[in-house]
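Everything below concerns the one structure shown next.
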Amino acid sequence: MAFGADELRVLRRALAGALCPAPLDDEDVQDCLRLADALDEAAREAGRLRAFLLADLGRYRAALPGSAPGYLELLQDALAAGYDPRPEDLAALRSLRARPVAAALLARCAELAERSVRARLARATAPAPRTRLLALPGGRSADEPKPRPKPAPKPVERPVPKPSEVFPPRRRPVPPPPPEERVAG
């Protein structure tokens, strides 16, 4: 990945700010955010390009033997970019081994595939390294005994209320006094 002069200035200011913490200007913060966005976009674009090239390699491999020159060139580019050859690639190269370029690529791919398989086997069979986890502040260290769980509180036995206690009886409304007894006021 290549940086332009402006991007390098922003990166230098960001690194200087990380080494010597000091408040950054709003403009510097915005420049850093723009640079981070640009880097994210470049990484996404690299992933899209890699996916396209691998799909292209698969299309050329499926069209063999007619596409042998294009396939061999694409495979060389992919290997230079760190591609691990798949079994399909080895089978395709075996079918093309009469060509000198394919024979050389077959030897190179076989070696890379063997290294890749050995590395995966070594990772799979090697015991995972046990690292001591440090307790976070406020946490418990490994030397402290585990706290005993508190017994669950016993439920308080309360008498079940009667419906008349929960829902008191409704009082009947008092009828208004007859008109003769009303006092004008």
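Simple scheme: letters A, B, ... for chains in structure tokens order, numbers from 1 for residues in each chain, numbers from 1 for ligands in the order shown.
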
- request: Just list the residues in chain A DSSP gives helix (DSSP H, G or I) on the backbone, as a PyMOL selection string.
  value: chain A and resi 5-19+26-62+68-80+87-95+100-125+163-166+179-181

Contacts of range 28-40 of chain A at 12 Å or less, counting only C-alpha atoms, minus same-chain residues fewer than 3 places along, as a PDB file with all heavy atoms, in the first residue's frame?
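Just written: out-v8.pdb:
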ATOM      1  N   MET A   1       0.860  -1.160   0.000  1.00  0.00           N
ATOM      2  CA  MET A   1       0.000   0.000   0.000  1.00  0.00           C
ATOM      3  C   MET A   1       0.909   1.226   0.000  1.00  0.00           C
ATOM      4  O   MET A   1       1.882   1.298   0.737  1.00  0.00           O
ATOM      5  CB  MET A   1      -0.875  -0.041   1.256  1.00  0.00           C
ATOM      6  CG  MET A   1      -1.915   1.016   1.289  1.00  0.00           C
ATOM      7  SD  MET A   1      -3.024   0.885   2.701  1.00  0.00           S
ATOM      8  CE  MET A   1      -3.902  -0.593   2.312  1.00  0.00           C
ATOM      9  N   ALA A   2       0.601   2.179  -0.833  1.00  0.00           N
ATOM     10  CA  ALA A   2       1.411   3.388  -0.945  1.00  0.00           C
ATOM     11  C   ALA A   2       0.637   4.573  -0.374  1.00  0.00           C
ATOM     12  O   ALA A   2      -0.574   4.658  -0.510  1.00  0.00           O
ATOM     13  CB  ALA A   2       1.760   3.641  -2.398  1.00  0.00           C
ATOM     14  N   PHE A   3       1.362   5.459   0.282  1.00  0.00           N
ATOM     15  CA  PHE A   3       0.770   6.658   0.856  1.00  0.00           C
ATOM     16  C   PHE A   3       1.242   7.878   0.073  1.00  0.00           C
ATOM     17  O   PHE A   3       2.387   7.926  -0.367  1.00  0.00           O
ATOM     18  CB  PHE A   3       1.186   6.832   2.322  1.00  0.00           C
ATOM     19  CG  PHE A   3       0.595   5.822   3.240  1.00  0.00           C
ATOM     20  CD1 PHE A   3       1.361   4.795   3.749  1.00  0.00           C
ATOM     21  CD2 PHE A   3      -0.742   5.899   3.617  1.00  0.00           C
ATOM     22  CE1 PHE A   3       0.821   3.866   4.601  1.00  0.00           C
ATOM     23  CE2 PHE A   3      -1.289   4.974   4.471  1.00  0.00           C
ATOM     24  CZ  PHE A   3      -0.513   3.953   4.965  1.00  0.00           C
ATOM     25  N   GLY A   4       0.380   8.852  -0.038  1.00  0.00           N
ATOM     26  CA  GLY A   4       0.747  10.122  -0.637  1.00  0.00           C
ATOM     27  C   GLY A   4       1.407  11.005   0.411  1.00  0.00           C
ATOM     28  O   GLY A   4       1.465  10.676   1.603  1.00  0.00           O
ATOM     29  N   ASP A   6       0.424  13.924   1.632  1.00  0.00           N
ATOM     30  CA  ASP A   6      -0.523  14.412   2.645  1.00  0.00           C
ATOM     31  C   ASP A   6      -0.868  13.313   3.640  1.00  0.00           C
ATOM     32  O   ASP A   6      -0.974  13.557   4.848  1.00  0.00           O
ATOM     33  CB  ASP A   6      -1.805  14.919   1.982  1.00  0.00           C
ATOM     34  CG  ASP A   6      -1.573  16.203   1.199  1.00  0.00           C
ATOM     35  OD1 ASP A   6      -0.596  16.907   1.530  1.00  0.00           O
ATOM     36  OD2 ASP A   6      -2.369  16.472   0.287  1.00  0.00           O
ATOM     37  N   GLU A   7      -1.049  12.098   3.133  1.00  0.00           N
ATOM     38  CA  GLU A   7      -1.382  10.983   4.022  1.00  0.00           C
ATOM     39  C   GLU A   7      -0.233  10.684   4.975  1.00  0.00           C
ATOM     40  O   GLU A   7      -0.441  10.370   6.148  1.00  0.00           O
ATOM     41  CB  GLU A   7      -1.726   9.752   3.192  1.00  0.00           C
ATOM     42  CG  GLU A   7      -3.009   9.926   2.403  1.00  0.00           C
ATOM     43  CD  GLU A   7      -3.182   8.871   1.330  1.00  0.00           C
ATOM     44  OE1 GLU A   7      -2.158   8.351   0.833  1.00  0.00           O
ATOM     45  OE2 GLU A   7      -4.333   8.574   0.994  1.00  0.00           O
ATOM     46  N   LEU A   8       1.006  10.799   4.474  1.00  0.00           N
ATOM     47  CA  LEU A   8       2.168  10.575   5.341  1.00  0.00           C
ATOM     48  C   LEU A   8       2.256  11.641   6.427  1.00  0.00           C
ATOM     49  O   LEU A   8       2.615  11.334   7.572  1.00  0.00           O
ATOM     50  CB  LEU A   8       3.456  10.543   4.522  1.00  0.00           C
ATOM     51  CG  LEU A   8       3.697   9.261   3.745  1.00  0.00           C
ATOM     52  CD1 LEU A   8       4.947   9.383   2.881  1.00  0.00           C
ATOM     53  CD2 LEU A   8       3.834   8.079   4.683  1.00  0.00           C
ATOM     54  N   ARG A   9       1.918  12.891   6.105  1.00  0.00           N
ATOM     55  CA  ARG A   9       1.930  13.943   7.122  1.00  0.00           C
ATOM     56  C   ARG A   9       0.902  13.643   8.208  1.00  0.00           C
ATOM     57  O   ARG A   9       1.178  13.781   9.399  1.00  0.00           O
ATOM     58  CB  ARG A   9       1.642  15.310   6.486  1.00  0.00           C
ATOM     59  CG  ARG A   9       2.882  15.989   5.995  1.00  0.00           C
ATOM     60  CD  ARG A   9       2.595  17.417   5.569  1.00  0.00           C
ATOM     61  NE  ARG A   9       3.128  17.543   4.234  1.00  0.00           N
ATOM     62  CZ  ARG A   9       2.446  17.622   3.099  1.00  0.00           C
ATOM     63  NH1 ARG A   9       1.170  17.689   3.104  1.00  0.00           N
ATOM     64  NH2 ARG A   9       3.037  17.676   1.946  1.00  0.00           N
ATOM     65  N   VAL A  10      -0.288  13.218   7.798  1.00  0.00           N
ATOM     66  CA  VAL A  10      -1.336  12.882   8.766  1.00  0.00           C
ATOM     67  C   VAL A  10      -0.892  11.703   9.622  1.00  0.00           C
ATOM     68  O   VAL A  10      -1.050  11.706  10.852  1.00  0.00           O
ATOM     69  CB  VAL A  10      -2.662  12.563   8.039  1.00  0.00           C
ATOM     70  CG1 VAL A  10      -3.687  11.990   9.003  1.00  0.00           C
ATOM     71  CG2 VAL A  10      -3.203  13.801   7.365  1.00  0.00           C
ATOM     72  N   LEU A  11      -0.319  10.705   8.981  1.00  0.00           N
ATOM     73  CA  LEU A  11       0.146   9.529   9.719  1.00  0.00           C
ATOM     74  C   LEU A  11       1.258   9.901  10.696  1.00  0.00           C
ATOM     75  O   LEU A  11       1.270   9.438  11.839  1.00  0.00           O
ATOM     76  CB  LEU A  11       0.633   8.473   8.730  1.00  0.00           C
ATOM     77  CG  LEU A  11       0.988   7.114   9.283  1.00  0.00           C
ATOM     78  CD1 LEU A  11      -0.210   6.495   9.999  1.00  0.00           C
ATOM     79  CD2 LEU A  11       1.458   6.192   8.187  1.00  0.00           C
ATOM     80  N   ARG A  12       2.172  10.762  10.279  1.00  0.00           N
ATOM     81  CA  ARG A  12       3.259  11.191  11.163  1.00  0.00           C
ATOM     82  C   ARG A  12       2.704  11.947  12.373  1.00  0.00           C
ATOM     83  O   ARG A  12       3.113  11.726  13.510  1.00  0.00           O
ATOM     84  CB  ARG A  12       4.246  12.069  10.392  1.00  0.00           C
ATOM     85  CG  ARG A  12       5.494  12.366  11.197  1.00  0.00           C
ATOM     86  CD  ARG A  12       6.578  13.136  10.453  1.00  0.00           C
ATOM     87  NE  ARG A  12       6.522  13.096   9.020  1.00  0.00           N
ATOM     88  CZ  ARG A  12       6.342  14.181   8.248  1.00  0.00           C
ATOM     89  NH1 ARG A  12       6.209  15.361   8.784  1.00  0.00           N
ATOM     90  NH2 ARG A  12       6.316  14.072   6.939  1.00  0.00           N
ATOM     91  N   ARG A  13       1.712  12.855  12.144  1.00  0.00           N
ATOM     92  CA  ARG A  13       1.109  13.593  13.263  1.00  0.00           C
ATOM     93  C   ARG A  13       0.377  12.651  14.206  1.00  0.00           C
ATOM     94  O   ARG A  13       0.428  12.815  15.434  1.00  0.00           O
ATOM     95  CB  ARG A  13       0.143  14.656  12.730  1.00  0.00           C
ATOM     96  CG  ARG A  13       0.843  15.876  12.186  1.00  0.00           C
ATOM     97  CD  ARG A  13      -0.115  17.034  11.977  1.00  0.00           C
ATOM     98  NE  ARG A  13      -1.360  16.684  11.328  1.00  0.00           N
ATOM     99  CZ  ARG A  13      -1.685  16.983  10.067  1.00  0.00           C
ATOM    100  NH1 ARG A  13      -0.840  17.644   9.319  1.00  0.00           N
ATOM    101  NH2 ARG A  13      -2.854  16.627   9.576  1.00  0.00           N
ATOM    102  N   ALA A  14      -0.306  11.634  13.650  1.00  0.00           N
ATOM    103  CA  ALA A  14      -1.036  10.684  14.488  1.00  0.00           C
ATOM    104  C   ALA A  14      -0.070   9.853  15.329  1.00  0.00           C
ATOM    105  O   ALA A  14      -0.308   9.613  16.519  1.00  0.00           O
ATOM    106  CB  ALA A  14      -1.900   9.769  13.626  1.00  0.00           C
ATOM    107  N   LEU A  15       1.032   9.436  14.728  1.00  0.00           N
ATOM    108  CA  LEU A  15       2.026   8.667  15.482  1.00  0.00           C
ATOM    109  C   LEU A  15       2.689   9.530  16.548  1.00  0.00           C
ATOM    110  O   LEU A  15       2.944   9.061  17.660  1.00  0.00           O
ATOM    111  CB  LEU A  15       3.074   8.084  14.538  1.00  0.00           C
ATOM    112  CG  LEU A  15       2.587   6.960  13.632  1.00  0.00           C
ATOM    113  CD1 LEU A  15       3.674   6.560  12.641  1.00  0.00           C
ATOM    114  CD2 LEU A  15       2.158   5.763  14.449  1.00  0.00           C
ATOM    115  N   ALA A  16       2.973  10.772  16.222  1.00  0.00           N
ATOM    116  CA  ALA A  16       3.559  11.677  17.217  1.00  0.00           C
ATOM    117  C   ALA A  16       2.585  11.887  18.366  1.00  0.00           C
ATOM    118  O   ALA A  16       2.982  11.925  19.533  1.00  0.00           O
ATOM    119  CB  ALA A  16       3.928  13.009  16.573  1.00  0.00           C
ATOM    120  N   GLY A  17       1.310  12.007  18.050  1.00  0.00           N
ATOM    121  CA  GLY A  17       0.294  12.156  19.101  1.00  0.00           C
ATOM    122  C   GLY A  17       0.174  10.913  19.957  1.00  0.00           C
ATOM    123  O   GLY A  17      -0.092  10.992  21.161  1.00  0.00           O
ATOM    124  N   ALA A  18       0.389   9.739  19.361  1.00  0.00           N
ATOM    125  CA  ALA A  18       0.326   8.501  20.135  1.00  0.00           C
ATOM    126  C   ALA A  18       1.543   8.352  21.038  1.00  0.00           C
ATOM    127  O   ALA A  18       1.436   7.848  22.158  1.00  0.00           O
ATOM    128  CB  ALA A  18       0.224   7.301  19.198  1.00  0.00           C
ATOM    129  N   ALA A  22      -0.918  14.381  23.680  1.00  0.00           N
ATOM    130  CA  ALA A  22      -1.268  15.793  23.830  1.00  0.00           C
ATOM    131  C   ALA A  22      -2.598  15.969  23.109  1.00  0.00           C
ATOM    132  O   ALA A  22      -2.902  15.234  22.177  1.00  0.00           O
ATOM    133  CB  ALA A  22      -0.196  16.682  23.204  1.00  0.00           C
ATOM    134  N   PRO A  23      -3.384  16.929  23.531  1.00  0.00           N
ATOM    135  CA  PRO A  23      -4.667  17.116  22.843  1.00  0.00           C
ATOM    136  C   PRO A  23      -4.446  17.492  21.379  1.00  0.00           C
ATOM    137  O   PRO A  23      -3.577  18.297  21.054  1.00  0.00           O
ATOM    138  CB  PRO A  23      -5.340  18.247  23.611  1.00  0.00           C
ATOM    139  CG  PRO A  23      -4.351  18.765  24.578  1.00  0.00           C
ATOM    140  CD  PRO A  23      -3.185  17.844  24.633  1.00  0.00           C
ATOM    141  N   LEU A  24      -5.219  16.871  20.508  1.00  0.00           N
ATOM    142  CA  LEU A  24      -5.109  17.145  19.081  1.00  0.00           C
ATOM    143  C   LEU A  24      -6.127  18.204  18.679  1.00  0.00           C
ATOM    144  O   LEU A  24      -7.198  18.313  19.260  1.00  0.00           O
ATOM    145  CB  LEU A  24      -5.372  15.874  18.278  1.00  0.00           C
ATOM    146  CG  LEU A  24      -4.355  14.744  18.423  1.00  0.00           C
ATOM    147  CD1 LEU A  24      -4.836  13.513  17.670  1.00  0.00           C
ATOM    148  CD2 LEU A  24      -3.003  15.170  17.902  1.00  0.00           C
ATOM    149  N   ASP A  25      -5.766  18.964  17.666  1.00  0.00           N
ATOM    150  CA  ASP A  25      -6.710  19.931  17.105  1.00  0.00           C
ATOM    151  C   ASP A  25      -7.836  19.172  16.428  1.00  0.00           C
ATOM    152  O   ASP A  25      -7.682  18.024  16.017  1.00  0.00           O
ATOM    153  CB  ASP A  25      -6.011  20.815  16.059  1.00  0.00           C
ATOM    154  CG  ASP A  25      -4.902  21.650  16.663  1.00  0.00           C
ATOM    155  OD1 ASP A  25      -4.953  21.871  17.885  1.00  0.00           O
ATOM    156  OD2 ASP A  25      -3.998  22.058  15.910  1.00  0.00           O
ATOM    157  N   ALA A  43      -8.439  -1.612   2.303  1.00  0.00           N
ATOM    158  CA  ALA A  43      -8.444  -3.014   2.735  1.00  0.00           C
ATOM    159  C   ALA A  43      -9.643  -3.758   2.151  1.00  0.00           C
ATOM    160  O   ALA A  43      -9.518  -4.907   1.705  1.00  0.00           O
ATOM    161  CB  ALA A  43      -8.464  -3.092   4.259  1.00  0.00           C
ATOM    162  N   ARG A  44     -10.810  -3.109   2.124  1.00  0.00           N
ATOM    163  CA  ARG A  44     -11.989  -3.739   1.517  1.00  0.00           C
ATOM    164  C   ARG A  44     -11.764  -3.976   0.028  1.00  0.00           C
ATOM    165  O   ARG A  44     -12.115  -5.024  -0.507  1.00  0.00           O
ATOM    166  CB  ARG A  44     -13.228  -2.884   1.747  1.00  0.00           C
ATOM    167  CG  ARG A  44     -13.779  -2.978   3.153  1.00  0.00           C
ATOM    168  CD  ARG A  44     -15.152  -2.324   3.253  1.00  0.00           C
ATOM    169  NE  ARG A  44     -15.145  -0.906   2.967  1.00  0.00           N
ATOM    170  CZ  ARG A  44     -14.910   0.047   3.868  1.00  0.00           C
ATOM    171  NH1 ARG A  44     -14.682  -0.275   5.123  1.00  0.00           N
ATOM    172  NH2 ARG A  44     -14.934   1.317   3.516  1.00  0.00           N
ATOM    173  N   GLU A  45     -11.162  -3.009  -0.642  1.00  0.00           N
ATOM    174  CA  GLU A  45     -10.904  -3.140  -2.073  1.00  0.00           C
ATOM    175  C   GLU A  45      -9.909  -4.267  -2.337  1.00  0.00           C
ATOM    176  O   GLU A  45     -10.056  -5.021  -3.303  1.00  0.00           O
ATOM    177  CB  GLU A  45     -10.376  -1.817  -2.634  1.00  0.00           C
ATOM    178  CG  GLU A  45     -10.153  -1.813  -4.119  1.00  0.00           C
ATOM    179  CD  GLU A  45     -11.425  -2.036  -4.915  1.00  0.00           C
ATOM    180  OE1 GLU A  45     -12.509  -1.650  -4.452  1.00  0.00           O
ATOM    181  OE2 GLU A  45     -11.337  -2.619  -6.011  1.00  0.00           O
ATOM    182  N   ALA A  46      -8.894  -4.396  -1.473  1.00  0.00           N
ATOM    183  CA  ALA A  46      -7.934  -5.483  -1.629  1.00  0.00           C
ATOM    184  C   ALA A  46      -8.630  -6.836  -1.453  1.00  0.00           C
ATOM    185  O   ALA A  46      -8.332  -7.795  -2.179  1.00  0.00           O
ATOM    186  CB  ALA A  46      -6.793  -5.332  -0.615  1.00  0.00           C
ATOM    187  N   GLY A  47      -9.555  -6.925  -0.524  1.00  0.00           N
ATOM    188  CA  GLY A  47     -10.304  -8.166  -0.341  1.00  0.00           C
ATOM    189  C   GLY A  47     -11.166  -8.487  -1.544  1.00  0.00           C
ATOM    190  O   GLY A  47     -11.248  -9.649  -1.975  1.00  0.00           O
TER     191      GLY A  47
END

For range 79-101 of chain A versus range 48-54 of chain A, which residues have an atom no more than 12 Å away, and what is each residue's nearest atom pair and distance in Å rounded to one decimal, using only C-alpha atoms, chain-then-number order, as a Markdown table?
| residue | atom | partner | partner_atom | distance |
| --- | --- | --- | --- | --- |
| A:Leu79 | CA | A:Leu54 | CA | 11.0 |
| A:Ala81 | CA | A:Arg50 | CA | 9.2 |
| A:Gly82 | CA | A:Arg50 | CA | 10.6 |
| A:Tyr83 | CA | A:Leu54 | CA | 9.0 |
| A:Asp84 | CA | A:Leu54 | CA | 11.0 |
| A:Pro85 | CA | A:Leu54 | CA | 10.8 |
| A:Arg86 | CA | A:Leu54 | CA | 11.1 |
| A:Asp89 | CA | A:Leu54 | CA | 11.5 |

Keeping only C-alpha atoms, write the selected residues as a short mmCIF file (atom, residue, chain, number, x, y, z; two decimals), in the first residue's frame.
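Writing the result to part-v9.cif gives the following:
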data_model
loop_
_atom_site.label_atom_id
_atom_site.label_comp_id
_atom_site.auth_asym_id
_atom_site.auth_seq_id
_atom_site.Cartn_x
_atom_site.Cartn_y
_atom_site.Cartn_z
CA LEU A 79 1.42 -17.58 -5.58
CA ALA A 81 0.61 -12.76 -3.52
CA GLY A 82 0.66 -15.55 -0.90
CA TYR A 83 -1.95 -17.95 -2.30
CA ASP A 84 -1.83 -21.50 -0.95
CA PRO A 85 -2.39 -23.91 -3.84
CA ARG A 86 -5.45 -26.13 -3.55
CA ASP A 89 -4.47 -26.61 -8.68
#

- prompt: Within 7 Å of range 68-77 of chain A, counting only C-alpha atoms, which residues qualify if same-chain residues fewer than 4 places away don't, as an MDAnalysis selection string?
  reply: chainID A and resid 57 60:61 64 81 102

For those residues, write N, CA and C atoms to a file as a JSON list (two decimals), in the first residue's frame.
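Printed below is selection.json as written:
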[["chain", "number", "residue", "atom", "x", "y", "z"],
["A", 57, "LEU", "N", -9.12, -17.31, -11.33],
["A", 57, "LEU", "CA", -8.24, -18.49, -11.36],
["A", 57, "LEU", "C", -9.07, -19.76, -11.48],
["A", 60, "TYR", "N", -10.38, -20.08, -15.09],
["A", 60, "TYR", "CA", -9.33, -20.53, -16.00],
["A", 60, "TYR", "C", -9.03, -22.01, -15.77],
["A", 61, "ARG", "N", -9.03, -22.43, -14.50],
["A", 61, "ARG", "CA", -8.74, -23.84, -14.19],
["A", 61, "ARG", "C", -9.83, -24.74, -14.77],
["A", 64, "LEU", "N", -9.43, -25.50, -18.58],
["A", 64, "LEU", "CA", -8.21, -26.17, -19.04],
["A", 64, "LEU", "C", -8.57, -27.31, -19.97],
["A", 81, "ALA", "N", 1.40, -13.53, -4.48],
["A", 81, "ALA", "CA", 0.61, -12.76, -3.52],
["A", 81, "ALA", "C", 0.31, -13.54, -2.25],
["A", 102, "ALA", "N", 4.56, -25.33, -16.46],
["A", 102, "ALA", "CA", 3.65, -26.07, -15.58],
["A", 102, "ALA", "C", 4.42, -27.03, -14.68]]
